[in-house]
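Listing of structure_24.txt, compact mmCIF, C-alpha atoms
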# COMPACT_ATOMS: atom_id res chain seq x y z
CA MET A 166 1.74 -69.45 102.28
CA ALA A 167 4.13 -68.78 99.38
CA GLU A 168 6.96 -71.13 98.48
CA PRO A 169 10.38 -69.88 99.73
CA GLY A 170 11.69 -69.25 96.22
CA ALA A 171 8.52 -67.53 95.11
CA LEU A 172 8.43 -65.45 98.31
CA GLU A 173 12.00 -64.28 97.78
CA LYS A 174 11.36 -63.28 94.17
CA ALA A 175 8.11 -61.51 94.99
CA THR A 176 9.65 -59.62 97.91
CA LEU A 177 12.76 -58.45 96.07
CA ARG A 178 10.73 -57.56 92.99
CA ARG A 179 8.44 -55.35 95.04
CA VAL A 180 11.38 -53.74 96.89
CA SER A 181 13.19 -53.12 93.60
CA PHE A 182 10.23 -51.49 91.88
CA ARG A 183 9.49 -49.36 94.91
CA LEU A 184 12.99 -48.03 95.64
CA LEU A 185 15.27 -48.28 92.61
CA PRO A 186 13.50 -46.00 90.10
CA PHE A 187 13.37 -43.12 92.58
CA LEU A 188 16.95 -43.60 93.78
CA MET A 189 18.22 -43.83 90.20
CA LEU A 190 16.40 -40.64 89.23
CA ALA A 191 17.83 -38.86 92.28
CA TYR A 192 21.37 -40.00 91.48
CA LEU A 193 20.94 -39.03 87.83
CA VAL A 194 20.09 -35.47 88.90
CA CYS A 195 22.92 -35.55 91.44
CA TYR A 196 25.52 -36.47 88.86
CA ILE A 197 24.30 -33.90 86.33
CA ASP A 198 24.63 -31.18 88.97
CA ARG A 199 28.09 -32.43 89.93
CA VAL A 200 29.65 -32.39 86.45
CA ASN A 201 27.65 -29.75 84.55
CA ALA A 202 30.50 -27.34 85.27
CA GLY A 203 32.31 -29.22 82.49
CA PHE A 204 29.79 -27.91 79.96
CA ALA A 205 29.44 -24.52 81.60
CA ALA A 206 33.22 -24.17 81.21
CA LEU A 207 32.80 -23.87 77.45
CA GLN A 208 31.51 -20.31 78.09
CA MET A 209 32.13 -19.66 81.78
CA ASN A 210 35.91 -19.99 81.87
CA GLN A 211 36.38 -17.09 79.49
CA ASP A 212 33.56 -15.01 81.01
CA ILE A 213 34.91 -15.03 84.56
CA GLY A 214 38.60 -15.56 83.83
CA LEU A 215 39.29 -19.17 84.81
CA SER A 216 42.59 -20.71 83.70
CA GLY A 217 42.93 -24.47 83.33
CA THR A 218 44.67 -24.62 86.72
CA VAL A 219 41.92 -22.65 88.49
CA PHE A 220 39.19 -24.69 86.82
CA GLY A 221 40.98 -27.88 87.90
CA VAL A 222 41.28 -26.67 91.49
CA GLY A 223 37.65 -25.55 91.54
CA GLY A 224 36.49 -28.76 89.93
CA GLY A 225 38.49 -30.80 92.41
CA ILE A 226 37.78 -28.83 95.58
CA PHE A 227 34.25 -30.20 95.41
CA PHE A 228 35.79 -33.45 96.67
CA VAL A 229 37.47 -31.74 99.64
CA GLY A 230 34.10 -30.64 100.99
CA TYR A 231 32.73 -34.06 100.07
CA PHE A 232 35.56 -35.80 101.92
CA LEU A 233 35.32 -33.73 105.11
CA PHE A 234 31.58 -34.27 105.57
CA GLU A 235 31.11 -37.75 104.08
CA VAL A 236 31.48 -39.90 107.20
CA PRO A 237 29.49 -37.54 109.51
CA SER A 238 26.73 -37.41 106.91
CA ASN A 239 26.49 -41.18 106.65
CA LEU A 240 26.39 -41.54 110.43
CA ALA A 241 23.65 -38.90 110.51
CA LEU A 242 21.68 -40.90 107.93
CA GLU A 243 21.84 -43.96 110.15
CA ARG A 244 20.70 -41.91 113.13
CA PHE A 245 17.93 -39.78 111.57
CA GLY A 246 16.81 -42.21 108.86
CA ALA A 247 17.37 -42.30 105.13
CA ARG A 248 14.10 -40.61 104.22
CA THR A 249 14.78 -37.44 106.23
CA TRP A 250 18.51 -37.22 105.57
CA ILE A 251 18.42 -37.85 101.82
CA CYS A 252 15.69 -35.19 101.58
CA ARG A 253 17.99 -32.73 103.38
CA ILE A 254 20.94 -33.58 101.14
CA MET A 255 19.00 -33.17 97.89
CA ILE A 256 17.40 -29.83 98.73
CA THR A 257 20.70 -28.40 99.98
CA TRP A 258 22.75 -29.47 96.98
CA GLY A 259 20.04 -28.20 94.61
CA LEU A 260 20.12 -24.73 96.15
CA VAL A 261 23.92 -24.59 96.14
CA SER A 262 24.10 -25.85 92.57
CA ALA A 263 21.75 -23.07 91.44
CA GLY A 264 24.07 -20.67 93.26
CA MET A 265 26.81 -21.56 90.78
CA ALA A 266 25.05 -19.18 88.37
CA ALA A 267 26.14 -16.27 90.59
CA VAL A 268 29.91 -16.92 90.52
CA VAL A 269 31.89 -13.96 89.18
CA GLY A 270 35.52 -15.06 89.34
CA PRO A 271 38.03 -17.68 90.53
CA ASN A 272 37.42 -17.16 94.27
CA SER A 273 33.63 -17.42 94.12
CA PHE A 274 33.86 -20.38 91.73
CA ILE A 275 36.13 -22.29 94.10
CA ALA A 276 34.03 -21.36 97.17
CA VAL A 277 30.70 -22.49 95.70
CA ARG A 278 32.22 -25.72 94.34
CA PHE A 279 33.48 -26.47 97.87
CA LEU A 280 30.01 -25.83 99.31
CA LEU A 281 28.46 -28.09 96.67
CA GLY A 282 30.70 -30.93 97.88
CA VAL A 283 29.65 -30.26 101.47
CA ALA A 284 25.98 -30.25 100.51
CA GLU A 285 26.14 -33.46 98.48
CA ALA A 286 28.36 -35.35 100.95
CA GLY A 287 26.73 -38.53 102.12
CA PHE A 288 24.23 -39.02 99.30
CA PHE A 289 25.97 -41.79 97.37
CA PRO A 290 27.40 -43.77 100.33
CA GLY A 291 24.11 -43.18 102.12
CA VAL A 292 22.22 -44.85 99.29
CA ILE A 293 24.74 -47.74 99.19
CA LEU A 294 24.23 -48.20 102.93
CA TYR A 295 20.46 -47.89 102.47
CA LEU A 296 20.48 -50.65 99.85
CA THR A 297 22.17 -53.00 102.35
CA TYR A 298 19.06 -52.54 104.54
CA TRP A 299 16.87 -53.94 101.76
CA PHE A 300 18.83 -56.37 99.55
CA PRO A 301 20.71 -59.60 100.46
CA ALA A 302 24.43 -59.75 99.64
CA GLU A 303 24.08 -62.07 96.64
CA GLN A 304 21.84 -59.50 94.92
CA ARG A 305 23.92 -56.41 95.55
CA ALA A 306 26.29 -56.26 92.56
CA ARG A 307 23.29 -56.36 90.21
CA ILE A 308 21.24 -53.92 92.32
CA ILE A 309 24.12 -51.47 92.79
CA GLY A 310 24.94 -51.78 89.11
CA ILE A 311 21.33 -50.94 88.19
CA PHE A 312 21.31 -47.99 90.63
CA MET A 313 24.60 -46.65 89.27
CA VAL A 314 23.35 -46.82 85.71
CA ALA A 315 22.18 -43.33 86.66
CA ILE A 316 25.77 -42.13 86.08
CA PRO A 317 26.01 -43.02 82.38
CA VAL A 318 22.36 -42.14 81.87
CA SER A 319 23.07 -38.71 83.37
CA GLY A 320 25.86 -38.27 80.85
CA PHE A 321 23.69 -39.51 78.00
CA ILE A 322 20.75 -37.25 78.92
CA GLY A 323 22.59 -34.37 80.53
CA SER A 324 25.21 -33.82 77.82
CA PRO A 325 22.86 -32.80 74.96
CA ILE A 326 20.64 -30.90 77.42
CA SER A 327 23.59 -28.93 78.78
CA GLY A 328 24.82 -28.27 75.24
CA ALA A 329 21.37 -26.99 74.28
CA LEU A 330 21.03 -24.81 77.40
CA LEU A 331 24.22 -23.00 76.46
CA GLY A 332 22.18 -21.79 73.48
CA LEU A 333 19.91 -19.79 75.84
CA ASN A 334 22.71 -17.24 75.99
CA GLY A 335 21.29 -13.74 76.57
CA MET A 336 17.77 -14.79 77.62
CA LEU A 337 16.58 -12.56 80.50
CA GLY A 338 20.06 -11.07 80.59
CA LEU A 339 21.75 -14.32 81.65
CA ARG A 340 24.53 -16.21 79.93
CA GLY A 341 23.92 -19.75 78.69
CA TRP A 342 26.20 -21.26 81.35
CA GLN A 343 24.10 -19.59 84.08
CA TRP A 344 20.95 -21.20 82.69
CA VAL A 345 22.73 -24.58 82.80
CA PHE A 346 23.20 -24.27 86.56
CA ILE A 347 19.76 -22.81 87.35
CA LEU A 348 17.57 -25.15 85.30
CA GLU A 349 19.52 -28.32 86.10
CA ALA A 350 19.37 -27.60 89.85
CA ALA A 351 15.58 -27.34 90.12
CA PRO A 352 14.85 -31.13 89.90
CA ALA A 353 17.06 -31.80 92.95
CA VAL A 354 14.92 -29.58 95.18
CA LEU A 355 11.66 -31.06 93.86
CA LEU A 356 12.84 -34.66 94.28
CA GLY A 357 14.05 -33.88 97.79
CA LEU A 358 10.48 -33.02 98.75
CA VAL A 359 9.12 -36.15 97.03
CA CYS A 360 11.64 -38.22 99.00
CA LEU A 361 9.76 -37.59 102.27
CA ALA A 362 6.64 -39.24 100.90
CA TRP A 363 8.25 -42.06 98.93
CA LEU A 364 11.18 -43.62 100.80
CA THR A 365 10.82 -45.95 103.79
CA ASP A 366 13.65 -46.15 106.33
CA ARG A 367 13.66 -49.89 107.07
CA PRO A 368 11.79 -53.04 105.97
CA ALA A 369 9.98 -53.15 109.31
CA HIS A 370 8.26 -49.87 108.40
CA ALA A 371 7.30 -50.92 104.87
CA SER A 372 3.50 -50.95 104.78
CA TRP A 373 3.78 -51.69 101.05
CA LEU A 374 5.15 -55.19 101.85
CA THR A 375 3.00 -58.01 103.18
CA ASP A 376 3.63 -59.37 106.69
CA GLU A 377 5.13 -62.51 105.15
CA GLN A 378 7.46 -60.50 102.92
CA ARG A 379 8.62 -58.29 105.79
CA SER A 380 9.35 -61.33 107.97
CA TRP A 381 11.31 -63.13 105.24
CA LEU A 382 13.42 -60.06 104.44
CA ALA A 383 14.14 -59.33 108.10
CA ARG A 384 15.27 -62.94 108.73
CA LYS A 385 17.45 -63.01 105.62
CA LEU A 386 19.25 -59.77 106.45
CA GLU A 387 19.63 -60.72 110.12
CA GLN A 388 21.32 -64.00 109.15
CA GLU A 389 23.81 -62.11 106.97
CA ALA A 390 24.51 -59.60 109.70
CA ARG A 391 25.66 -62.41 112.01
CA GLN A 392 28.30 -63.62 109.54
CA THR A 393 31.93 -62.73 110.19
CA LYS A 394 33.27 -59.96 107.96
CA ARG A 395 36.82 -58.88 107.25
CA VAL A 396 36.27 -55.50 108.85
CA ALA A 397 34.58 -56.18 112.15
CA HIS A 398 32.68 -53.81 114.40
CA GLY A 399 34.64 -51.17 116.27
CA SER A 400 34.74 -47.46 116.94
CA VAL A 401 34.28 -45.14 113.99
CA TRP A 402 37.94 -44.13 114.17
CA ARG A 403 39.06 -47.76 114.25
CA VAL A 404 36.94 -48.58 111.21
CA VAL A 405 38.02 -45.62 109.08
CA ARG A 406 41.73 -46.30 109.67
CA ASN A 407 41.43 -50.04 109.04
CA PRO A 408 43.99 -51.04 106.36
CA THR A 409 41.38 -52.94 104.34
CA VAL A 410 39.07 -49.90 104.31
CA LEU A 411 41.98 -47.69 103.22
CA ALA A 412 42.96 -50.17 100.49
CA LEU A 413 39.36 -50.25 99.22
CA ALA A 414 39.41 -46.44 99.13
CA ILE A 415 42.50 -46.45 96.91
CA VAL A 416 40.85 -48.98 94.60
CA TYR A 417 37.72 -46.86 94.40
CA ALA A 418 39.85 -43.79 93.68
CA GLY A 419 40.88 -45.32 90.35
CA GLY A 420 37.36 -45.41 88.96
CA ALA A 421 36.26 -42.25 90.80
CA THR A 422 39.06 -40.06 89.43
CA ALA A 423 38.41 -41.36 85.92
CA SER A 424 34.70 -40.65 86.24
CA SER A 425 35.04 -37.18 87.77
CA GLY A 426 37.99 -36.16 85.63
CA LEU A 427 36.30 -37.13 82.38
CA GLY A 428 33.01 -35.65 83.55
CA LEU A 429 34.63 -32.24 83.99
CA TRP A 430 37.24 -32.26 81.21
CA GLN A 431 35.80 -34.46 78.46
CA PRO A 432 33.52 -31.74 76.98
CA GLN A 433 36.51 -29.38 76.62
CA PHE A 434 38.62 -32.24 75.20
CA ILE A 435 35.99 -32.94 72.53
CA LYS A 436 35.45 -29.21 71.88
CA SER A 437 39.19 -28.90 71.07
CA PHE A 438 38.53 -30.77 67.80
CA GLY A 439 36.51 -27.79 66.53
CA LEU A 440 32.94 -28.96 67.22
CA THR A 441 30.07 -26.63 68.16
CA ASN A 442 28.63 -26.69 71.69
CA ALA A 443 25.58 -28.63 70.50
CA GLU A 444 27.80 -31.16 68.70
CA VAL A 445 29.93 -31.54 71.82
CA GLY A 446 26.76 -32.37 73.74
CA TRP A 447 25.83 -35.24 71.42
CA VAL A 448 29.36 -36.63 71.03
CA ASN A 449 29.92 -36.44 74.80
CA ALA A 450 26.74 -38.47 75.32
CA LEU A 451 27.95 -41.36 73.16
CA PRO A 452 30.19 -43.18 75.70
CA TYR A 453 27.43 -43.08 78.31
CA ALA A 454 24.94 -44.80 76.03
CA PHE A 455 27.14 -47.91 75.92
CA SER A 456 27.98 -47.67 79.63
CA ALA A 457 24.38 -48.02 80.77
CA VAL A 458 24.07 -51.43 79.10
CA ALA A 459 27.52 -52.57 80.24
CA MET A 460 26.87 -51.77 83.90
CA ILE A 461 23.73 -53.90 84.12
CA TRP A 462 25.20 -56.82 82.16
CA TRP A 463 28.52 -56.84 84.05
CA GLY A 464 26.86 -56.55 87.47
CA ARG A 465 24.52 -59.44 86.65
CA ARG A 466 27.48 -61.51 85.43
CA SER A 467 29.33 -60.80 88.68
CA ASP A 468 26.34 -62.04 90.70
CA GLN A 469 25.90 -65.14 88.54
CA HIS A 470 29.54 -66.15 89.03
CA ASN A 471 29.62 -64.88 92.64
CA GLU A 472 32.93 -63.21 91.74
CA ARG A 473 33.85 -59.62 92.54
CA LEU A 474 37.63 -59.21 92.34
CA TRP A 475 38.27 -59.88 88.64
CA HIS A 476 34.98 -58.30 87.63
CA THR A 477 36.43 -55.10 89.12
CA ALA A 478 40.11 -55.48 88.18
CA ILE A 479 39.75 -56.32 84.47
CA PRO A 480 37.60 -53.35 83.39
CA LEU A 481 39.53 -51.03 85.72
CA GLY A 482 42.83 -51.89 84.06
CA LEU A 483 41.33 -51.62 80.56
CA SER A 484 39.98 -48.13 81.32
CA GLY A 485 43.47 -46.86 82.09
CA LEU A 486 44.92 -48.49 78.98
CA ALA A 487 42.25 -46.92 76.74
CA LEU A 488 42.89 -43.46 78.17
CA ALA A 489 46.65 -43.87 77.74
CA LEU A 490 46.14 -44.64 74.04
CA CYS A 491 44.53 -41.22 73.57
CA ILE A 492 48.02 -39.71 73.81
CA PRO A 493 49.54 -41.25 70.63
CA PHE A 494 46.24 -40.98 68.68
CA PRO A 495 45.09 -37.31 69.05
CA MET A 496 42.38 -37.47 66.36
CA LEU A 497 38.63 -37.13 66.79
CA VAL A 498 37.43 -40.64 65.82
CA PRO A 499 40.13 -42.65 67.67
CA THR A 500 39.73 -40.35 70.68
CA VAL A 501 35.95 -40.82 70.85
CA ILE A 502 36.33 -44.62 70.51
CA LEU A 503 38.95 -44.73 73.29
CA LEU A 504 36.89 -42.46 75.53
CA CYS A 505 33.94 -44.82 74.98
CA VAL A 506 36.06 -47.78 76.08
CA CYS A 507 37.34 -45.89 79.12
CA VAL A 508 33.91 -44.71 80.28
CA VAL A 509 32.31 -48.12 79.66
CA CYS A 510 35.02 -49.97 81.62
CA THR A 511 35.01 -47.45 84.46
CA SER A 512 31.24 -47.76 84.75
CA ALA A 513 31.32 -51.57 84.68
CA THR A 514 33.50 -51.71 87.81
CA ARG A 515 30.98 -50.00 90.06
CA GLY A 516 28.51 -52.78 90.84
CA PRO A 517 31.12 -55.50 91.52
CA PHE A 518 33.32 -53.12 93.52
CA TRP A 519 30.60 -51.97 95.91
CA ALA A 520 29.35 -55.53 96.31
CA LEU A 521 32.93 -56.50 97.21
CA ALA A 522 33.26 -53.62 99.65
CA SER A 523 29.94 -54.32 101.39
CA GLU A 524 30.91 -57.99 101.78
CA TYR A 525 34.10 -56.94 103.62
CA LEU A 526 32.23 -54.82 106.17
CA SER A 527 30.19 -56.02 109.13
CA ALA A 528 26.79 -54.42 109.59
CA PRO A 529 27.83 -52.21 112.54
CA SER A 530 30.86 -50.89 110.63
CA ALA A 531 29.11 -50.44 107.28
CA ALA A 532 27.98 -46.82 107.76
CA ALA A 533 31.44 -45.50 108.60
CA GLY A 534 33.29 -47.95 106.34
CA ILE A 535 31.30 -47.30 103.16
CA ALA A 536 31.42 -43.56 103.78
CA MET A 537 35.18 -43.64 104.35
CA VAL A 538 35.83 -45.66 101.19
CA ASN A 539 33.74 -43.25 99.14
CA ALA A 540 35.09 -40.14 100.85
CA LEU A 541 38.75 -41.04 100.43
CA GLY A 542 38.20 -42.45 96.95
CA THR A 543 36.41 -39.38 95.66
CA GLY A 544 38.73 -37.14 97.70
CA PHE A 545 41.52 -38.05 95.32
CA GLY A 546 39.43 -36.19 92.75
CA PHE A 547 40.79 -32.91 94.15
CA VAL A 548 44.39 -34.01 93.58
CA CYS A 549 43.61 -35.45 90.17
CA ASN A 550 41.65 -32.48 88.81
CA SER A 551 44.19 -29.98 90.18
CA MET A 552 47.01 -31.89 88.47
CA MET A 553 45.02 -32.09 85.23
CA GLY A 554 44.52 -28.31 85.20
CA ALA A 555 48.19 -27.62 85.86
CA ILE A 556 49.30 -30.06 83.16
CA TYR A 557 46.90 -28.55 80.64
CA ASP A 558 48.15 -25.02 81.33
CA ALA A 559 51.74 -26.25 80.92
CA THR A 560 51.21 -28.33 77.75
CA HIS A 561 47.89 -27.09 76.23
CA SER A 562 47.24 -30.78 75.52
CA TYR A 563 44.10 -32.48 76.77
CA PRO A 564 45.51 -36.01 76.19
CA MET A 565 48.54 -35.14 78.36
CA ALA A 566 46.19 -33.71 80.99
CA MET A 567 44.73 -37.22 81.35
CA LEU A 568 48.01 -38.58 82.79
CA PRO A 569 46.93 -38.21 86.46
CA ILE A 570 43.83 -40.33 85.78
CA ILE A 571 45.98 -43.01 84.15
CA GLY A 572 48.29 -43.04 87.18
CA PHE A 573 45.44 -43.38 89.69
CA VAL A 574 43.84 -46.19 87.68
CA ALA A 575 47.14 -48.09 87.49
CA LEU A 576 47.71 -47.74 91.24
CA ALA A 577 44.13 -48.83 91.99
CA THR A 578 44.46 -51.95 89.84
CA VAL A 579 47.67 -53.03 91.60
CA VAL A 580 46.21 -52.43 95.07
CA LEU A 581 43.08 -54.39 94.16
CA LEU A 582 45.11 -57.40 93.04
CA VAL A 583 47.12 -57.27 96.30
CA LEU A 584 43.89 -56.90 98.28
CA GLY A 585 42.58 -60.02 96.60
CA GLN A 586 45.30 -62.18 98.14
CA PRO A 587 43.52 -63.91 101.07
CA LYS A 588 46.47 -64.00 103.45
CA ARG A 589 47.31 -60.35 103.01
CA VAL A 590 43.72 -59.22 103.40
CA THR A 591 43.26 -61.24 106.57
CA ALA A 592 46.41 -59.78 108.04
CA ALA A 593 45.37 -56.25 107.12
CA ALA A 594 41.97 -56.58 108.73
CA GLU A 595 43.20 -57.82 112.08
Can you give me the file's structure in the form of structure tokens?
Amino acid sequence: MAEPGALEKATLRRVSFRLLPFLMLAYLVCYIDRVNAGFAALQMNQDIGLSGTVFGVGGGIFFVGYFLFEVPSNLALERFGARTWICRIMITWGLVSAGMAAVVGPNSFIAVRFLLGVAEAGFFPGVILYLTYWFPAEQRARIIGIFMVAIPVSGFIGSPISGALLGLNGMLGLRGWQWVFILEAAPAVLLGLVCLAWLTDRPAHASWLTDEQRSWLARKLEQEARQTKRVAHGSVWRVVRNPTVLALAIVYAGGATASSGLGLWQPQFIKSFGLTNAEVGWVNALPYAFSAVAMIWWGRRSDQHNERLWHTAIPLGLSGLALALCIPFPMLVPTVILLCVCVVCTSATRGPFWALASEYLSAPSAAAGIAMVNALGTGFGFVCNSMMGAIYDATHSYPMAMLPIIGFVALATVVLLVLGQPKRVTAAAE
């Protein structure tokens, strides 16, 4: 029989190697398909007549569909199992994403972006919930941080690929932006099919673990489930309107609006300095290269210190400050440096934040609670992107268009610091 420490390490190592690579690859594809409209816009906006306002509304309406179907999707995942439901999500969003190649004007662009949000709804919070089935609480900031490295990696890999695909302009009678949507959607459908064979719903069904490993993991997770959490079990409606859940959603909105806003607008911002599409692809990839390293290191540091609040608040506040400094320094080199700082800091918050959120939620409330936090948080992306488009049309300044992101980040930082006050949190969760 293995020693307790050795058993724990062996079990979590096997779980990590089995689940994380596939989930990271799936999320990488997911994020590329979500933000590749930012690169397509370099050709598409002129081809089909999209103003900055319309592009902002279309970019943001993704989050309306996402918001409306997030909680039902996460509850469906818990009912039907992660393997089946994540497969459904991936195939659906892949097909809809490919359909973006058929948009012909503002109305069709907005409609398909809405459907893409509906199709993708539930994937990210579903994976966060799924990870709570497999990893103890003290491991989650690191694990979630590793999983979410897929976001910066998607930017690092997807940016030069998207820039290069724009160069296929005219092949088989299609524009380059249409090839971006078609070719980058195919992996989602293929991985959705692989999902059925690779994922396992719960540890009890994991034939790839030994009996001893399954027993240890089940006991560990059961002990955690019995601990009192700030958001206790209740009806779905009671959970989603809990003040602590709503406060967490506002906090998450800070990082989410920064991530989605920059994902959609950063290529156009960089292009405004006179670079070619291929050059935009490489420069846009730069911030994400640093972010991948920062996410893993910061998540591990959060676990080592068993501290979540300040590991979220400090980089969150710094991301807003960096973006604000783009306004008085509208030059290529300072802008790229500041965008790097913003993207790195935004990325670093993700592991500690989701570890913090999962620690606030009891096991029965986790499905609805995590989904609600993510749905509301990302739902602010509609407001943010719509405001960014309107500001750009009014000022023709990309730095000024970043003001809504700065405002959301500032609000999120303040709410997080208030949430961190024990007395106030306890009162809110009652």
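If only C-alpha atoms are the atoms counted, then among A:Asn442, A:Ser181, A:Thr514, A:Ser273 the closest residue to Ser424 in chain A is A:Thr514.
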Nearby residues (all atoms listed in the file) at most 7 Å from Leu503 in chain A, same-chain spacing under 5 positions excluded, as a ChimeraX atom specification: /A:487-488,491
Once you count all atoms listed in the file, what closest atom pair and distance in Å to one decimal does each residue of range 333-438 of chain A within 10 Å of range 225-230 of chain A have, with rows by chain and rising residue number, as CSV?
residue,atom,partner,partner_atom,distance
A:Thr422,CA,A:Gly225,CA,9.7
A:Ser425,CA,A:Gly225,CA,8.6
A:Gly426,CA,A:Gly225,CA,8.7
A:Leu429,CA,A:Gly225,CA,9.4
Show me, as a PyMOL selection string, the residues that have an atom within 12 Å of Leu521 in chain A when counting only C-alpha atoms, minus same-chain residues fewer than 3 positions from it. chain A and resi 302-307+309+394-395+409-410+413+416-417+464+467-468+471-478+514-518+524-526+535+538+581+584-585
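Minimum distance to Val445 in chain A across A:Ala350, A:Val268, A:Leu355, A:Ile326 (counting all atoms listed in the file) occurs at A:Ile326.
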How many Å lie between CA of Gly310 in chain A and CA of Thr511 in chain A, rounded to one decimal? 11.9 Å
Compile a residue-level contact table for range 277-385 of chain A against range 202-210 of chain A at a cut-off of 9 Å, reporting for every qualifying residue the shortest atom pair and its distance in Å to one decimal, with all atoms listed in the file counted, rows ordered by chain and ascending number, as a tab-separated table.
residue	atom	partner	partner_atom	distance
A:Ser324	CA	A:Phe204	CA	7.8
A:Ser327	CA	A:Phe204	CA	6.4
A:Gly328	CA	A:Phe204	CA	6.9
A:Leu331	CA	A:Ala205	CA	7.5
A:Arg340	CA	A:Gln208	CA	8.3
A:Gly341	CA	A:Gln208	CA	7.6
A:Trp342	CA	A:Ala205	CA	4.6
A:Gln343	CA	A:Ala205	CA	7.7
A:Val345	CA	A:Ala205	CA	6.8
A:Phe346	CA	A:Ala205	CA	8.0
Calculate how many Å separate CA of Leu260 in chain A from CA of Phe274 in chain A, rounding to one decimal. 15.1 Å
Distance query Gly485 in chain A at most 7 Å, all atoms listed in the file, self and fewer than 3 positions along chain excluded, as JSON, numbers by chain: {"A": [481, 482, 488, 489, 507, 571, 574, 575]}
Restricting the output to C-alpha atoms, write the selected residues as a PDB file, in the coordinates of the input.
ATOM      1  CA  LEU A 481      39.530 -51.030  85.720  1.00  0.00           C
ATOM      2  CA  GLY A 482      42.830 -51.890  84.060  1.00  0.00           C
ATOM      3  CA  LEU A 488      42.890 -43.460  78.170  1.00  0.00           C
ATOM      4  CA  ALA A 489      46.650 -43.870  77.740  1.00  0.00           C
ATOM      5  CA  CYS A 507      37.340 -45.890  79.120  1.00  0.00           C
ATOM      6  CA  ILE A 571      45.980 -43.010  84.150  1.00  0.00           C
ATOM      7  CA  VAL A 574      43.840 -46.190  87.680  1.00  0.00           C
ATOM      8  CA  ALA A 575      47.140 -48.090  87.490  1.00  0.00           C
TER       9      ALA A 575
END
Counting all atoms listed in the file, the residue among A:Leu490, A:Leu215, A:Leu541, A:Val548 that lies closest to Ile502 in chain A is A:Leu490
Between CA of Ala555 in chain A and CA of Ala412 in chain A, measure the distance and give it in Å to one decimal.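 Pair CA of Ala555 in chain A / CA of Ala412 in chain A returns 27.4 Å.
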So, with all atoms listed in the file as the atoms that count, which of A:Met460, A:Val498, A:Ile479, A:Cys195 lies closest to Phe438 in chain A?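 That would be A:Val498, the residue with the smallest distance to Phe438 in chain A.
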Measuring between only C-alpha atoms, which one of A:Val506, A:Val222, A:Ala351, A:Val200 shows the shortest distance to Gly264 in chain A? A:Ala351
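In this comparison, which uses only C-alpha atoms, the residue of A:Ala263, A:Ala459, A:Leu280, A:Leu382 approaching Lys174 in chain A most closely is A:Leu382.
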I want to know what sits within 7 Å of Ile256 in chain A, based on all atoms listed in the file, with residues of the same chain fewer than 6 positions away left out; could you give that as a ChimeraX atom specification? /A:353-354,357
Within 10 Å of (38.5, -37.9, 83.2) (coordinates as in the file), grab all the protein and nucleic acid residues, counting all atoms listed in the file, and write them out as a PyMOL selection string. chain A and resi 420-431+434+488+504+507-508+546+549-550+553+566-571
